[in-house]
Amino acid sequence: MAILDRLLGRYLSNEEEHQQKVGPWAGLPMLGLDGLSSSAYGPEAAATVLLPLGILGASYVVPITVAIVLLLSIVFLSYRQTIAAYPNGGGSYTVAKENLGTFAGLLAAAALILDYILVVAVGISAGVGSLISAIPSLQPYTLLLCLITLSIITLINLRGLKESGMAFMFPTYFFVICLCGVLAIGFFKLIIAGGHPISMAELPKSSGAGAEFISGNVSLWLLARAFASGCTAMTGVEAVSNGTKAFREPLVKNARTTLFLIVAILTILLLGIAFLGRAYGITATVPGEPGYESIVSQLTAAIVGRGVIYYFCLGSVIAVLMLSANTGFADFPRTCQIVARDNFLPHAFAERGRRLVFSHGIIILAFLSGAVLVAFSGITDNLIPLFAIGAFLAFTFSQAGMVVHWKKNPGPGSTTALLVNSLGAAATAVTLMIILVSKFFEGGWITVVLLPLLLAIFYGTHRHYRSVARQVACREPLTFDNLNPPIVLVPVRGWSRLTKKAVHFAMLLTPDVYGVHVETEGGSTTSLWVEDQWQQFVVEPSRKAEKKPPVLVQLPNPYRRLFGSLTDFIEKLKIEHPGRQIAVVIPDLVEKKWYHYFLHNQRAVLLRTVLTMKADPNIVVITVPWYLNT
């Protein structure tokens, strides 16, 4: 426990929950890292699709980015209203479930869950990709660096909500200051150079031929694919509405302020990178191949050179990209908690851990994101096709749900709100179709397959809980028939303090006690030894005390089927004593230190599992522990 206390901190009481709430300045790094960091890979994702156009591709990044920013503004206005209408959090799931029905809500929840898994994987892989841009020699260790980063972020989030926000505050604001500062310098140089600035560093040569025609179906399709990839810059915007309950009072005001800060900073960064990238003629390089350099790295080098400022700026970008996974860690457990509360996920997701966070959700998210990183080798471009589908599906359900909400709840300002949400629903639905069609054969089909799988898990879980509720429900009073004491069995390996304690407890329950020894060694020496001990330490003391002595049963077993012989004997007793319950009292050696568990065979645990899995209502399993001192 001392190790856990050092790693995770002491247990927090329920009364300390209000101390874990955050304001906008801590909320921005906690819930906005994904949104802010996407400015580093969103434009690059679009530019990578435009690689066949060569240097011409840079000119198309600007109009694509402007379209993305317009869509971002619509989504911002929509989610601003969602925060006020549903201040208890849950975001798309809650809105869709209450206004569009359970199926729509669960589909939105499935989309959010997939989105947050990919938020973690993409954020970390993009951060490592930027690190490799600065230090190319690290490229062979891409996946290892991704998994190490994932482990660190998981540990920080297990320490608590407020702690994660505070831990990421400095790198977040340092990133914003550095990148905005570099962009300001870039625009200043652009102005004094008359729109034709000179690069301060040598940039990678464009790998595209630039010969593709830019009219007709092929080029329109290419631009649509670039727009779909660039829309990954919008993922994370929904995080604030999902995690509204994380803010201190005034809750709605703090959540809205945080959302505004995220969207405003993201807009500045996206437009700045796009405009200056075109001015400096910067194009994407092929991810995962030698010579790869991120667009942010190229742009920073072009504006300030590859000196101290470059490394400070790239360092801040790398840190924020790696830590952007925190948005997923902040919202994935909360989404799972709300879904679990409605009996569509295991109830463990709704339980708070030692630091008042939903620890099960954090651990499961770390495992699933790690699996995604391993499957796609930690390369961002391999993950991008899967990324935006879940996010925009959740966007669409949230906006459509809000349209129904305003129709159900008319009032002052509801007409304007309805129009905003209608526009948001239409815009995100159209974008979702573009992303789905353009990314389907590039890997987006995986998301389409996983969504029904998650829905099946939701409904299967809910069906199980309903079945359990029906089976355990009882409206009958306590009855007093069939109160005969049970027949009790005690597994015996030999006479010891464990056996003595178990037999003593068994005799408290009933006079009909059996000590059962299974002989697995193939000889009679052990059996005679056990029988002598039983006679000396059990039978004779029982007779002196005028108690019915427990009966020792020897079960020869040449095939060493310890549990099989015992269960066969239990079945025999059931036939001989119909209607009586049979209790198995298992002596259990409890080790004091965790590593002692590897030094013992844990037969007590295995036997308890075997008997429990028989699901026989007439068999009761009781564990009697004996605690080691050292």
# chains A, B, ... in the order shown; residues from 1 in each chain; ligands from 1
$ residues_around --residues "Lys500 (chain A)" --least-positions-apart "5" --cutoff "12 Å" --atoms "only C-alpha atoms" --output "list in words"
Val490, Pro491, Val492, Arg493, Gly494, Trp495, Phe505, Ala506, Met507, Gly515, Gln533, Trp534, Phe537, Val538, Pro550, Val585, Ile586, Pro587, Asp588, Val624, Pro625 and Trp626 of chain A
$ write_last_selection --atoms "C-alpha atoms" --output "tab-separated table (two decimals), in the first residue's frame"
chain	number	residue	atom	x	y	z
A	490	VAL	CA	-13.51	-29.28	5.47
A	491	PRO	CA	-10.73	-30.10	2.94
A	492	VAL	CA	-7.77	-31.48	4.91
A	493	ARG	CA	-4.15	-31.73	3.78
A	494	GLY	CA	-2.85	-32.45	7.26
A	495	TRP	CA	-3.23	-31.20	10.79
A	505	PHE	CA	-15.67	-23.02	12.86
A	506	ALA	CA	-17.40	-25.94	11.11
A	507	MET	CA	-18.44	-27.44	14.46
A	515	GLY	CA	-12.88	-33.78	7.09
A	533	GLN	CA	-3.28	-36.96	13.42
A	534	TRP	CA	-7.05	-36.80	13.02
A	537	PHE	CA	-6.10	-34.02	17.58
A	538	VAL	CA	-9.77	-34.20	16.59
A	550	PRO	CA	-15.98	-34.97	12.83
A	585	VAL	CA	-15.41	-24.60	4.77
A	586	ILE	CA	-12.09	-23.88	3.02
A	587	PRO	CA	-8.96	-23.15	5.11
A	588	ASP	CA	-7.13	-20.29	3.36
A	624	VAL	CA	-11.78	-19.35	6.86
A	625	PRO	CA	-8.55	-17.34	6.59
A	626	TRP	CA	-5.34	-17.86	8.52
$ residues_around --residues "region 366-368 of chain A" --least-positions-apart "3" --cutoff "10 Å" --atoms "only C-alpha atoms" --output "compact mmCIF listing (two decimals) with all heavy atoms, in the first residue's frame"
# COMPACT_ATOMS: atom_id res chain seq x y z
N LEU A 114 -15.18 5.46 -28.99
CA LEU A 114 -14.17 5.24 -30.02
C LEU A 114 -13.33 6.50 -30.25
O LEU A 114 -12.11 6.42 -30.43
CB LEU A 114 -14.85 4.83 -31.34
CG LEU A 114 -15.45 3.42 -31.37
CD1 LEU A 114 -16.12 3.18 -32.71
CD2 LEU A 114 -14.37 2.37 -31.14
N ILE A 117 -10.74 6.91 -27.45
CA ILE A 117 -9.63 5.96 -27.59
C ILE A 117 -8.65 6.47 -28.63
O ILE A 117 -7.42 6.44 -28.44
CB ILE A 117 -10.17 4.57 -27.99
CG1 ILE A 117 -10.99 3.98 -26.84
CG2 ILE A 117 -9.03 3.62 -28.35
CD1 ILE A 117 -11.75 2.71 -27.22
N LEU A 118 -9.19 6.97 -29.74
CA LEU A 118 -8.32 7.48 -30.81
C LEU A 118 -7.71 8.82 -30.47
O LEU A 118 -6.60 9.14 -30.93
CB LEU A 118 -9.12 7.57 -32.12
CG LEU A 118 -9.53 6.21 -32.69
CD1 LEU A 118 -10.53 6.36 -33.81
CD2 LEU A 118 -8.30 5.45 -33.18
N VAL A 120 -6.53 9.60 -27.61
CA VAL A 120 -5.32 9.24 -26.87
C VAL A 120 -4.24 8.74 -27.82
O VAL A 120 -3.09 9.18 -27.78
CB VAL A 120 -5.65 8.18 -25.81
CG1 VAL A 120 -4.37 7.68 -25.13
CG2 VAL A 120 -6.60 8.75 -24.77
N ALA A 121 -4.62 7.81 -28.70
CA ALA A 121 -3.64 7.21 -29.60
C ALA A 121 -3.06 8.23 -30.57
O ALA A 121 -1.83 8.30 -30.77
CB ALA A 121 -4.28 6.05 -30.37
N LEU A 147 4.27 4.18 -26.02
CA LEU A 147 3.78 3.40 -24.88
C LEU A 147 4.29 3.96 -23.56
O LEU A 147 3.57 3.94 -22.55
CB LEU A 147 4.19 1.94 -25.04
CG LEU A 147 3.58 1.21 -26.25
CD1 LEU A 147 4.09 -0.22 -26.33
CD2 LEU A 147 2.06 1.23 -26.17
N LEU A 150 2.15 6.98 -22.85
CA LEU A 150 0.82 6.53 -22.43
C LEU A 150 0.83 6.12 -20.96
O LEU A 150 -0.09 6.47 -20.20
CB LEU A 150 0.38 5.35 -23.30
CG LEU A 150 -0.94 4.68 -22.93
CD1 LEU A 150 -2.10 5.66 -23.06
CD2 LEU A 150 -1.18 3.45 -23.81
N SER A 151 1.87 5.43 -20.53
CA SER A 151 1.96 4.99 -19.14
C SER A 151 2.05 6.17 -18.18
O SER A 151 1.40 6.18 -17.12
CB SER A 151 3.18 4.08 -18.96
OG SER A 151 3.10 2.95 -19.80
N ILE A 153 0.96 9.32 -18.66
CA ILE A 153 -0.30 10.05 -18.63
C ILE A 153 -1.35 9.27 -17.83
O ILE A 153 -2.15 9.86 -17.08
CB ILE A 153 -0.80 10.34 -20.05
CG1 ILE A 153 0.19 11.26 -20.77
CG2 ILE A 153 -2.19 10.99 -20.03
CD1 ILE A 153 -0.12 11.48 -22.23
N THR A 154 -1.35 7.96 -17.97
CA THR A 154 -2.28 7.13 -17.20
C THR A 154 -2.04 7.31 -15.70
O THR A 154 -2.99 7.50 -14.92
CB THR A 154 -2.11 5.65 -17.58
OG1 THR A 154 -2.34 5.48 -18.97
CG2 THR A 154 -3.09 4.78 -16.80
N LEU A 155 -0.79 7.27 -15.30
CA LEU A 155 -0.44 7.41 -13.88
C LEU A 155 -0.87 8.77 -13.35
O LEU A 155 -1.43 8.88 -12.25
CB LEU A 155 1.07 7.22 -13.70
CG LEU A 155 1.59 7.30 -12.26
CD1 LEU A 155 0.96 6.22 -11.40
CD2 LEU A 155 3.12 7.18 -12.24
N ALA A 325 -3.48 13.56 -24.95
CA ALA A 325 -4.27 12.37 -24.60
C ALA A 325 -5.06 12.58 -23.32
O ALA A 325 -6.02 11.84 -23.05
CB ALA A 325 -3.33 11.17 -24.45
N GLY A 328 -8.89 12.70 -23.56
CA GLY A 328 -9.54 11.40 -23.57
C GLY A 328 -9.64 10.80 -22.18
O GLY A 328 -10.66 10.23 -21.80
N PHE A 329 -8.57 10.95 -21.39
CA PHE A 329 -8.57 10.41 -20.03
C PHE A 329 -9.54 11.16 -19.12
O PHE A 329 -10.03 10.60 -18.14
CB PHE A 329 -7.16 10.45 -19.44
CG PHE A 329 -6.30 9.29 -19.87
CD1 PHE A 329 -5.37 9.44 -20.90
CD2 PHE A 329 -6.42 8.07 -19.26
CE1 PHE A 329 -4.59 8.38 -21.30
CE2 PHE A 329 -5.64 6.99 -19.64
CZ PHE A 329 -4.73 7.14 -20.68
N HIS A 360 -11.45 2.58 -13.15
CA HIS A 360 -11.63 1.48 -14.11
C HIS A 360 -11.64 2.02 -15.54
O HIS A 360 -11.05 1.41 -16.44
CB HIS A 360 -12.93 0.73 -13.82
CG HIS A 360 -12.88 -0.09 -12.57
ND1 HIS A 360 -13.23 0.42 -11.34
CD2 HIS A 360 -12.52 -1.38 -12.36
CE1 HIS A 360 -13.09 -0.53 -10.42
NE2 HIS A 360 -12.66 -1.61 -11.01
N GLY A 361 -12.32 3.14 -15.75
CA GLY A 361 -12.35 3.73 -17.08
C GLY A 361 -10.98 4.17 -17.55
O GLY A 361 -10.62 4.00 -18.72
N ILE A 362 -10.19 4.74 -16.64
CA ILE A 362 -8.84 5.19 -16.99
C ILE A 362 -7.97 4.02 -17.41
O ILE A 362 -7.25 4.07 -18.41
CB ILE A 362 -8.22 5.95 -15.80
CG1 ILE A 362 -8.95 7.27 -15.56
CG2 ILE A 362 -6.73 6.20 -16.03
CD1 ILE A 362 -8.52 8.00 -14.31
N ILE A 363 -8.03 2.94 -16.64
CA ILE A 363 -7.19 1.77 -16.93
C ILE A 363 -7.61 1.10 -18.24
O ILE A 363 -6.77 0.73 -19.06
CB ILE A 363 -7.25 0.78 -15.75
CG1 ILE A 363 -6.59 1.41 -14.51
CG2 ILE A 363 -6.57 -0.53 -16.11
CD1 ILE A 363 -6.81 0.65 -13.23
N ALA A 371 -3.34 -0.78 -27.29
CA ALA A 371 -3.55 -1.79 -28.33
C ALA A 371 -3.63 -1.13 -29.71
O ALA A 371 -3.10 -1.66 -30.70
CB ALA A 371 -4.83 -2.57 -28.04
N VAL A 372 -4.30 0.03 -29.79
CA VAL A 372 -4.39 0.75 -31.07
C VAL A 372 -3.00 1.21 -31.52
O VAL A 372 -2.65 1.09 -32.70
CB VAL A 372 -5.35 1.95 -30.94
CG1 VAL A 372 -5.28 2.84 -32.18
CG2 VAL A 372 -6.78 1.47 -30.73
N LEU A 373 -2.22 1.75 -30.59
CA LEU A 373 -0.87 2.20 -30.95
C LEU A 373 -0.02 1.04 -31.46
O LEU A 373 0.73 1.19 -32.44
CB LEU A 373 -0.20 2.83 -29.72
CG LEU A 373 -0.69 4.22 -29.32
CD1 LEU A 373 -0.17 4.61 -27.95
CD2 LEU A 373 -0.28 5.26 -30.37
N VAL A 374 -0.13 -0.10 -30.81
CA VAL A 374 0.64 -1.27 -31.26
C VAL A 374 0.17 -1.72 -32.64
O VAL A 374 0.98 -2.00 -33.53
CB VAL A 374 0.51 -2.42 -30.23
CG1 VAL A 374 1.11 -3.71 -30.79
CG2 VAL A 374 1.19 -2.04 -28.93
$ select_by_dssp --residues "region 32-156 of chain A" --states "alpha helix (DSSP H)" --output "PyMOL selection string"
chain A and resi 32-49+56-85+91-100+102-134+142-156
$ residues_around --residues "Ser542 (chain A)" --least-positions-apart "3" --cutoff "12 Å" --atoms "only C-alpha atoms" --output "ChimeraX atom specification"
/A:503-504,507,511,513,534-539,545-551
$ write_last_selection --atoms "C-alpha atoms" --output "PDB file, in the first residue's frame"
ATOM      1  CA  VAL A 503     -12.767 -27.483  11.828  1.00  0.00           C
ATOM      2  CA  HIS A 504     -13.571 -25.426  14.938  1.00  0.00           C
ATOM      3  CA  MET A 507     -18.442 -27.442  14.457  1.00  0.00           C
ATOM      4  CA  PRO A 511     -22.590 -31.597  14.419  1.00  0.00           C
ATOM      5  CA  VAL A 513     -18.753 -32.351   9.963  1.00  0.00           C
ATOM      6  CA  TRP A 534      -7.051 -36.804  13.024  1.00  0.00           C
ATOM      7  CA  GLN A 535      -7.547 -39.422  15.710  1.00  0.00           C
ATOM      8  CA  GLN A 536      -5.141 -37.696  18.116  1.00  0.00           C
ATOM      9  CA  PHE A 537      -6.096 -34.021  17.580  1.00  0.00           C
ATOM     10  CA  VAL A 538      -9.767 -34.201  16.590  1.00  0.00           C
ATOM     11  CA  VAL A 539     -11.565 -37.422  17.550  1.00  0.00           C
ATOM     12  CA  ALA A 545     -15.760 -32.839  25.413  1.00  0.00           C
ATOM     13  CA  GLU A 546     -18.784 -35.088  24.695  1.00  0.00           C
ATOM     14  CA  LYS A 547     -19.111 -33.695  21.184  1.00  0.00           C
ATOM     15  CA  LYS A 548     -19.824 -35.662  18.055  1.00  0.00           C
ATOM     16  CA  PRO A 549     -16.393 -36.096  16.437  1.00  0.00           C
ATOM     17  CA  PRO A 550     -15.976 -34.965  12.827  1.00  0.00           C
ATOM     18  CA  VAL A 551     -15.597 -37.866  10.401  1.00  0.00           C
TER      19      VAL A 551
END
$ closest_residue --among "A:Pro43, A:Gly57, A:Gly443, A:Pro136" --to "Leu270 (chain A)" --atoms "only C-alpha atoms"
A:Pro43
$ residues_around --residues "Val176 (chain A)" --least-positions-apart "5" --cutoff "9 Å" --atoms "only C-alpha atoms" --output "ChimeraX atom specification"
/A:36,171,181,265,269,316-317
$ residues_around --residues "region 305-315 of chain A" --least-positions-apart "2" --cutoff "6 Å" --atoms "only C-alpha atoms" --output "list in words"
Cys178, Met200, Ala201, Ala301, Ala302, Val317 and Ile318 of chain A
$ residues_around --residues "Pro452 (chain A)" --least-positions-apart "2" --cutoff "12 Å" --atoms "only C-alpha atoms" --output "PyMOL selection string"
chain A and resi 103+106-111+114+445-450+454-460
$ closest_residue --among "A:Ser125, A:Val237, A:Phe247, A:Ile177" --to "Phe260 (chain A)" --atoms "only C-alpha atoms"
A:Val237
